[in-house]
Amino acid sequence: MNSTKVWYVTGASQGLGLTLVKKLLDNGHRVAATSRNAQTLKQAVGLIDTDRFLPLAVDLSNPDCIEESIRETLKAFGQIDVLVNNAGYGMAGTVEEIEGQKIRDIFNVNVLAAIDVTKAVLPVMRGQGSGYVINIGSVAGFVGAPGWSVYSATKAAIAAFSEVLALDVEEFGIKVTVVEPSGFRTGFLTTGSLAFTESHIEGYQAVKNAQQRYLAADGKQPGDPEKASEIIMNLTDLTEPPLHLYLGEDAYKRASEKLGTMTAELEKWKEVTIAADFES
């Protein structure tokens with residue numbers, strides 16, 4: 001059994017976040033979990049144990065609200081060992097047809113909120129001399145698919161943020177992992193988790209075909225959120241956890257193919273690449 005820890009999990013009322021919170025509580029951990037509505041979160045988790053479970057209503061667009069939730073967590077549990085930045089949603093559609101404000105909105109939730117929560121938690125972890133930040137990204141942040149340009153951009157940002165954050169906080173004993181799943185049965189393709197803009201512009205056939213395939217796959221994804229939650233929970237017991245962790249066979253295949261393609265392209269254009277430097 002895992003040594004018990006204090007977890008702070010965002011976006012915990014549905015999907016992978018909810019499955020993870022239940023798994024953590026079943027294994028004796030203490031969990032502060034956030035959602036826009038604390039009552040909805042309580043009902044979803046189905047366990048009201050104030051000794052180990054702290055449901056928090058948090059507006060992740062409000063840094064003051066985030067800071068207050070951290071203070072409440074420390075008051076209840078005295079420490080924060082693991083932060084899981086899970087809050088987020090999907091967005092499908094062509095960049096031409098997605099409204100500008102909707103693009104800003106998804107960056108606010110998927111990227112800026114994760115950065116704000118991390119900023120609020122880092123002083124706690126630095127003071128402890130230990131901690132672990134787990135950011136939930138997506139294989140889409142590394143290998144895109146037609147119609148997912150904006151969503152993929154948010155997850156690529158999370159991956160880059162995680163990589164540099166790991167370098168910055170290593171001296172404080174803080175670890176970082178970005179978890180990058182492929183398709184999991186978490187309700188991601190439902191209206192509650194996906195902003196969908198149907199393409200009406202003539203052409204964009206690859207996007208339209210991909211949208212039909214993805215929507216038809218809802219509830220049939222190969223990824224098991226229970227297994228994913230178990231893996232995420234067990235990461236915290238590793239002395240040297242991975243910086244990038246892809247989850248799902250599809251994620252492995254897509255990432256492997258992309259790495260091969262990138263390596264081939266890098267070598268093909270090597271002479272042009274190095275020709276940009278001053279002469280020695």
# chains A, B, ... in the order shown; residues from 1 in each chain; ligands from 1

call {"tool": "residues_around", "arguments": {"residues": "stretch 36-46 of chain A", "least_positions_apart": "6", "cutoff": "6 Å", "atoms": "only C-alpha atoms", "output": "list in words"}}
result
Ser13, Pro55, Leu56, Ala57 and Val58 of chain A

call {"tool": "closest_atom_pairs", "arguments": {"of": "stretch 61-113 of chain A", "to": "stretch 14-20 of chain A", "cutoff": "10 Å", "atoms": "only C-alpha atoms", "output": "tab-separated table"}}
result
residue	atom	partner	partner_atom	distance
A:Val84	CA	A:Gly17	CA	8.6
A:Asn85	CA	A:Gly17	CA	9.1
A:Asn86	CA	A:Gly17	CA	6.2
A:Ala87	CA	A:Gly17	CA	7.7

call {"tool": "select_by_dssp", "arguments": {"residues": "stretch 118-148 of chain A", "states": "helix (DSSP H, G or I)", "output": "ChimeraX atom specification"}}
result
/A:118-128,139-141

call {"tool": "closest_residue", "arguments": {"among": "A:Gly88, A:Pro242, A:Gly260, A:Gly93", "to": "A:Ile106", "atoms": "only C-alpha atoms"}}
result
A:Gly88

call {"tool": "residues_around", "arguments": {"residues": "stretch 245-252 of chain A", "least_positions_apart": "2", "cutoff": "7 Å", "atoms": "only C-alpha atoms", "output": "PyMOL selection string"}}
result
chain A and resi 139+178-182+223+242-243+254-256

call {"tool": "closest_residue", "arguments": {"among": "A:Ile231, A:Leu60, A:Ile66, A:Ala159", "to": "A:Lys23", "atoms": "only C-alpha atoms"}}
result
A:Ile231

call {"tool": "closest_residue", "arguments": {"among": "A:Val150, A:Ala157, A:Ala228, A:Leu235", "to": "A:Lys102", "atoms": "only C-alpha atoms"}}
result
A:Val150

call {"tool": "select_by_dssp", "arguments": {"residues": "stretch 64-276 of chain A", "states": "strand (DSSP E)", "output": "PyMOL selection string"}}
result
chain A and resi 82-85+90-92+131-136+174-181+194-196+244-247
